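Trainee: One file: start24.cif (mmCIF, C-alpha atoms).
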```cif
data_run
#
loop_
_atom_site.group_PDB
_atom_site.id
_atom_site.type_symbol
_atom_site.label_atom_id
_atom_site.label_comp_id
_atom_site.auth_asym_id
_atom_site.auth_seq_id
_atom_site.Cartn_x
_atom_site.Cartn_y
_atom_site.Cartn_z
ATOM 1 C CA MET A 70 0.000 0.000 0.000
ATOM 2 C CA LYS A 71 1.279 3.466 -0.854
ATOM 3 C CA PHE A 72 2.024 6.147 1.723
ATOM 4 C CA ASP A 73 -0.782 8.505 0.657
ATOM 5 C CA GLU A 74 -3.359 5.700 1.067
ATOM 6 C CA ILE A 75 -1.922 4.700 4.459
ATOM 7 C CA LYS A 76 -1.940 8.293 5.740
ATOM 8 C CA ALA A 77 -5.753 8.465 5.940
ATOM 9 C CA SER A 78 -6.068 5.315 8.090
ATOM 10 C CA PHE A 79 -2.753 5.337 10.001
ATOM 11 C CA TRP A 80 -4.003 6.467 13.417
ATOM 12 C CA SER A 81 -6.038 4.488 15.964
ATOM 13 C CA ARG A 82 -8.927 6.039 17.889
ATOM 14 C CA ASP A 83 -6.770 6.157 21.037
ATOM 15 C CA THR A 84 -6.108 9.782 21.993
ATOM 16 C CA TYR A 85 -3.311 9.127 24.503
ATOM 17 C CA GLY A 86 -0.155 10.928 23.392
ATOM 18 C CA VAL A 87 -1.937 13.168 20.884
ATOM 19 C CA GLN A 88 -0.428 16.657 20.837
ATOM 20 C CA PRO A 89 -2.195 19.886 19.763
ATOM 21 C CA ALA A 90 -2.599 20.305 15.979
ATOM 22 C CA LEU A 91 0.693 20.720 14.145
ATOM 23 C CA THR A 92 1.525 24.203 12.849
ATOM 24 C CA GLN A 93 4.420 25.483 10.762
ATOM 25 C CA ALA A 94 5.660 27.337 13.853
ATOM 26 C CA THR A 95 5.630 24.106 15.869
ATOM 27 C CA VAL A 96 7.648 22.360 13.151
ATOM 28 C CA ALA A 97 10.148 25.232 12.910
ATOM 29 C CA ASP A 98 10.583 25.289 16.688
ATOM 30 C CA ALA A 99 11.034 21.508 16.812
ATOM 31 C CA GLU A 100 13.642 21.524 14.051
ATOM 32 C CA GLN A 101 15.521 24.258 15.888
ATOM 33 C CA VAL A 102 15.400 22.395 19.220
ATOM 34 C CA LEU A 103 16.442 19.107 17.588
ATOM 35 C CA GLY A 104 19.014 20.750 15.312
ATOM 36 C CA LEU A 105 17.879 18.955 12.150
ATOM 37 C CA ARG A 106 15.277 18.765 9.408
ATOM 38 C CA LEU A 107 12.389 16.363 9.957
ATOM 39 C CA PRO A 108 11.289 14.191 7.007
ATOM 40 C CA GLU A 109 8.311 15.542 5.061
ATOM 41 C CA SER A 110 6.611 12.115 5.204
ATOM 42 C CA LEU A 111 6.680 12.219 9.021
ATOM 43 C CA LEU A 112 5.278 15.747 9.027
ATOM 44 C CA ASP A 113 2.540 14.643 6.584
ATOM 45 C CA LEU A 114 1.361 12.019 9.100
ATOM 46 C CA LEU A 115 1.615 14.433 12.038
ATOM 47 C CA ARG A 116 -0.509 16.985 10.149
ATOM 48 C CA VAL A 117 -3.334 14.401 10.062
ATOM 49 C CA GLN A 118 -2.922 13.764 13.820
ATOM 50 C CA ASN A 119 -0.033 14.990 15.937
ATOM 51 C CA GLY A 120 1.061 11.741 17.542
ATOM 52 C CA GLY A 121 -0.775 8.941 19.316
ATOM 53 C CA GLY A 122 -1.712 5.319 18.803
ATOM 54 C CA VAL A 123 -1.233 3.547 15.482
ATOM 55 C CA THR A 124 -4.026 1.448 13.953
ATOM 56 C CA ALA A 125 -3.825 -2.322 14.534
ATOM 57 C CA ASP A 126 -3.310 -2.721 10.763
ATOM 58 C CA ARG A 127 0.119 -1.032 11.082
ATOM 59 C CA ASP A 128 1.458 -1.765 14.563
ATOM 60 C CA ALA A 129 4.500 -3.935 13.747
ATOM 61 C CA PHE A 130 7.473 -3.978 11.386
ATOM 62 C CA PRO A 131 9.098 -7.188 10.108
ATOM 63 C CA THR A 132 12.811 -7.659 10.820
ATOM 64 C CA SER A 133 15.435 -9.656 8.979
ATOM 65 C CA GLN A 134 17.046 -10.786 12.241
ATOM 66 C CA PRO A 135 15.944 -11.403 15.836
ATOM 67 C CA THR A 136 15.774 -8.587 18.377
ATOM 68 C CA SER A 137 15.232 -8.616 22.139
ATOM 69 C CA TRP A 138 11.543 -8.162 21.291
ATOM 70 C CA SER A 139 10.963 -11.052 18.893
ATOM 71 C CA GLU A 140 12.444 -13.372 16.279
ATOM 72 C CA ASP A 141 10.928 -11.626 13.257
ATOM 73 C CA HIS A 142 9.327 -8.259 14.072
ATOM 74 C CA ILE A 143 9.247 -5.199 16.323
ATOM 75 C CA PRO A 144 6.265 -3.341 17.812
ATOM 76 C CA PHE A 145 5.161 0.080 16.578
ATOM 77 C CA THR A 146 2.012 0.806 18.554
ATOM 78 C CA GLU A 147 2.439 4.573 18.788
ATOM 79 C CA LEU A 148 4.182 7.478 17.128
ATOM 80 C CA MET A 149 5.222 10.468 19.194
ATOM 81 C CA GLY A 150 3.973 13.850 18.038
ATOM 82 C CA ILE A 151 5.589 17.270 18.346
ATOM 83 C CA GLY A 152 4.619 19.467 21.252
ATOM 84 C CA THR A 153 4.455 19.946 24.988
ATOM 85 C CA GLY A 154 0.678 19.901 25.447
ATOM 86 C CA GLY A 155 -0.241 16.232 25.327
ATOM 87 C CA HIS A 156 0.166 13.270 27.637
ATOM 88 C CA GLY A 157 3.083 10.952 27.066
ATOM 89 C CA LEU A 158 6.317 11.655 25.255
ATOM 90 C CA SER A 159 6.991 13.995 22.346
ATOM 91 C CA LEU A 160 9.705 14.106 19.684
ATOM 92 C CA LEU A 161 10.920 17.134 21.650
ATOM 93 C CA ASP A 162 11.868 14.777 24.504
ATOM 94 C CA THR A 163 14.546 13.180 22.281
ATOM 95 C CA PRO A 164 17.554 15.136 23.650
ATOM 96 C CA TYR A 165 16.688 14.146 27.222
ATOM 97 C CA LEU A 166 15.871 10.519 26.309
ATOM 98 C CA VAL A 167 19.072 10.107 24.251
ATOM 99 C CA GLU A 168 21.119 11.242 27.237
ATOM 100 C CA GLU A 169 19.065 9.301 29.807
ATOM 101 C CA TRP A 170 19.272 5.998 27.893
ATOM 102 C CA GLY A 171 22.769 6.453 26.441
ATOM 103 C CA GLN A 172 21.621 6.413 22.822
ATOM 104 C CA SER A 173 23.577 7.229 19.680
ATOM 105 C CA SER A 174 23.196 10.699 18.214
ATOM 106 C CA PRO A 175 22.008 12.445 16.129
ATOM 107 C CA VAL A 176 18.673 10.640 16.193
ATOM 108 C CA VAL A 177 15.011 11.536 16.702
ATOM 109 C CA LEU A 178 13.147 8.966 18.766
ATOM 110 C CA LEU A 179 9.730 8.099 17.320
ATOM 111 C CA SER A 180 8.485 5.338 19.607
ATOM 112 C CA GLY A 181 9.719 3.103 22.401
ATOM 113 C CA ASP A 182 9.801 2.423 26.118
ATOM 114 C CA GLY A 183 13.418 2.881 27.153
ATOM 115 C CA HIS A 184 14.364 -0.770 26.685
ATOM 116 C CA TYR A 185 14.108 -0.116 22.962
ATOM 117 C CA TRP A 186 13.574 2.884 20.685
ATOM 118 C CA ILE A 187 12.603 3.243 17.062
ATOM 119 C CA GLY A 188 14.143 6.375 15.667
ATOM 120 C CA LEU A 189 15.130 8.485 12.723
ATOM 121 C CA ASP A 190 18.862 7.876 12.339
ATOM 122 C CA TYR A 191 20.799 10.925 11.122
ATOM 123 C CA ARG A 192 24.279 9.486 11.769
ATOM 124 C CA SER A 193 24.953 8.781 8.076
ATOM 125 C CA CYS A 194 22.944 11.505 6.320
ATOM 126 C CA GLY A 195 23.603 14.512 8.558
ATOM 127 C CA ALA A 196 21.139 17.052 9.970
ATOM 128 C CA LEU A 197 19.673 18.101 6.614
ATOM 129 C CA GLY A 198 19.605 14.657 4.999
ATOM 130 C CA GLU A 199 16.873 12.016 4.731
ATOM 131 C CA PRO A 200 17.321 9.780 7.810
ATOM 132 C CA SER A 201 16.936 6.028 7.844
ATOM 133 C CA VAL A 202 14.765 4.324 10.487
ATOM 134 C CA THR A 203 16.621 2.203 13.047
ATOM 135 C CA TRP A 204 15.741 -0.078 15.996
ATOM 136 C CA PHE A 205 17.887 0.847 18.993
ATOM 137 C CA ASP A 206 18.002 -1.972 21.545
ATOM 138 C CA THR A 207 18.974 -0.330 24.829
ATOM 139 C CA ASP A 208 19.297 -3.618 26.702
ATOM 140 C CA SER A 209 21.727 -5.260 24.253
ATOM 141 C CA GLY A 210 23.217 -2.082 22.778
ATOM 142 C CA ALA A 211 22.456 -3.343 19.259
ATOM 143 C CA ASP A 212 21.177 -1.178 16.403
ATOM 144 C CA LEU A 213 19.152 -2.743 13.585
ATOM 145 C CA PRO A 214 18.488 -0.723 10.416
ATOM 146 C CA LEU A 215 14.813 -1.098 9.485
ATOM 147 C CA ALA A 216 14.121 1.109 6.459
ATOM 148 C CA ALA A 217 15.981 3.519 4.191
ATOM 149 C CA ASP A 218 13.597 6.345 5.130
ATOM 150 C CA PHE A 219 10.423 7.067 7.085
ATOM 151 C CA ARG A 220 8.106 6.667 4.082
ATOM 152 C CA ALA A 221 9.480 3.180 3.378
ATOM 153 C CA PHE A 222 9.134 2.327 7.079
ATOM 154 C CA VAL A 223 5.453 3.321 7.126
ATOM 155 C CA GLU A 224 4.782 1.427 3.887
ATOM 156 C CA GLY A 225 6.376 -1.675 5.451
ATOM 157 C CA LEU A 226 4.278 -1.683 8.632
ATOM 158 C CA GLN A 227 2.063 -4.746 9.143
ATOM 159 C CA PRO A 228 -0.475 -5.972 11.720
ATOM 160 C CA LEU A 229 1.146 -7.284 14.904
ATOM 161 C CA SER A 230 -1.557 -9.973 14.943
ATOM 162 C CA GLY A 231 -0.018 -11.457 11.764
ATOM 163 C CA PHE A 232 3.135 -12.421 13.679
ATOM 164 C CA GLU A 233 1.508 -14.267 16.590
#
```
Could I get this file's structure written as structure tokens?
Mentor:
Amino acid sequence: MKFDEIKASFWSRDTYGVQPALTQATVADAEQVLGLRLPESLLDLLRVQNGGGVTADRDAFPTSQPTSWSEDHIPFTELMGIGTGGHGLSLLDTPYLVEEWGQSSPVVLLSGDGHYWIGLDYRSCGALGEPSVTWFDTDSGADLPLAADFRAFVEGLQPLSGFE
């Protein structure tokens, strides 16, 4: 399924973690705080809903090798939004979380619980490049590249129920 088709049905009805509606000012502030350019495909999704739960049709990503989570997939049940007004974490919490959990940098954390993070990985492309999406396993210290970019990551998401 293509990104533009996924965009309309990406979010669950769960409102936990939803931030106030995304504005250009919010994006500009976030990019300044984070010191990098966010992918347009991520911003496209956050303009529909600024963070929150992901639909059960798209709450897992297949992996080519085992992780601490599973033999063949990782969870992706939520996507952090941008802001300071919602419950839960925001992309703006990345600098604190990277330091707290000893993560690589520069990255933007999209989802996770501390034991693992899924993030935009800017280590190869630089602050203005198109970041890949990587699984960061805090417990083992392993990084697993998932997708070349955020759009490809979203297009590769599958139902978690299909793995059980």
Trainee: So what do you get for atom CA of A:Glu74 versus atom CA of A:Gly157, distance-wise?
Mentor: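 Computed distance, atom CA of A:Glu74 to atom CA of A:Gly157, equals 27.3 Å.
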Trainee: If the PyMOL selection byres ((chain A and resi 175) around 12) is run on the structure shown, which residues does it catch, given as a PyMOL selection string?
Mentor: chain A and resi 103-106+163-164+167-168+171-174+176-178+188-198+200-201+203
Trainee: Of the candidates A:Asp128, A:Asp206, A:Asp73, A:Asp98, which one gets nearest to A:Leu148 if we count all atoms listed in the file?
Mentor: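 Checking each of A:Asp128, A:Asp206, A:Asp73, A:Asp98 against A:Leu148, counting all atoms listed in the file, the winner is A:Asp128.
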Trainee: Apply the PyMOL selection byres ((chain A and resi 229) around 9) to the structure shown and report the selected residues as a list in words.
Mentor: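 Checking the PyMOL selection byres ((chain A and resi 229) around 9) against this file, the residues are Ala125, Asp126, Arg127, Asp128, Ala129, Phe130, His142, Ile143, Pro144, Phe145, Thr146, Leu226, Gln227, Pro228, Ser230, Gly231, Phe232 and Glu233 of chain A.
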Trainee: For C-alpha atoms, I'd like the residues from the last selection saved as an mmCIF file, keeping the file's coordinate frame.
Mentor:
```cif
data_model
loop_
_atom_site.group_PDB
_atom_site.id
_atom_site.type_symbol
_atom_site.label_atom_id
_atom_site.label_comp_id
_atom_site.auth_asym_id
_atom_site.auth_seq_id
_atom_site.Cartn_x
_atom_site.Cartn_y
_atom_site.Cartn_z
ATOM 1 C CA ALA A 125 -3.825 -2.322 14.534
ATOM 2 C CA ASP A 126 -3.310 -2.721 10.763
ATOM 3 C CA ARG A 127 0.119 -1.032 11.082
ATOM 4 C CA ASP A 128 1.458 -1.765 14.563
ATOM 5 C CA ALA A 129 4.500 -3.935 13.747
ATOM 6 C CA PHE A 130 7.473 -3.978 11.386
ATOM 7 C CA HIS A 142 9.327 -8.259 14.072
ATOM 8 C CA ILE A 143 9.247 -5.199 16.323
ATOM 9 C CA PRO A 144 6.265 -3.341 17.812
ATOM 10 C CA PHE A 145 5.161 0.080 16.578
ATOM 11 C CA THR A 146 2.012 0.806 18.554
ATOM 12 C CA LEU A 226 4.278 -1.683 8.632
ATOM 13 C CA GLN A 227 2.063 -4.746 9.143
ATOM 14 C CA PRO A 228 -0.475 -5.972 11.720
ATOM 15 C CA SER A 230 -1.557 -9.973 14.943
ATOM 16 C CA GLY A 231 -0.018 -11.457 11.764
ATOM 17 C CA PHE A 232 3.135 -12.421 13.679
ATOM 18 C CA GLU A 233 1.508 -14.267 16.590
#
```
Trainee: Given the file shown, enumerate the residues that the PyMOL selection byres ((chain A and resi 120) around 6) captures and present them as a list in words.
Mentor: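 On this input, the PyMOL selection byres ((chain A and resi 120) around 6) captures Val87, Gln118, Asn119, Gly121, Leu148, Met149 and Gly150 of chain A.
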Trainee: By how many Å are atom CA of A:Val202 and atom CA of A:Phe72 apart?
Mentor: 15.6 Å
Trainee: Suppose you want the space between atom CA of A:Tyr85 and atom CA of A:Gly152; what is it in Å?
Mentor: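 Interatomic distance, atom CA of A:Tyr85 to atom CA of A:Gly152: 13.4 Å.
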Trainee: I need the residue nearest A:Thr92 from this list: A:Trp138, A:Ala211, A:Ile151, A:Thr124. Use all atoms listed in the file for the distance.
Mentor: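 Closest candidate: A:Ile151.
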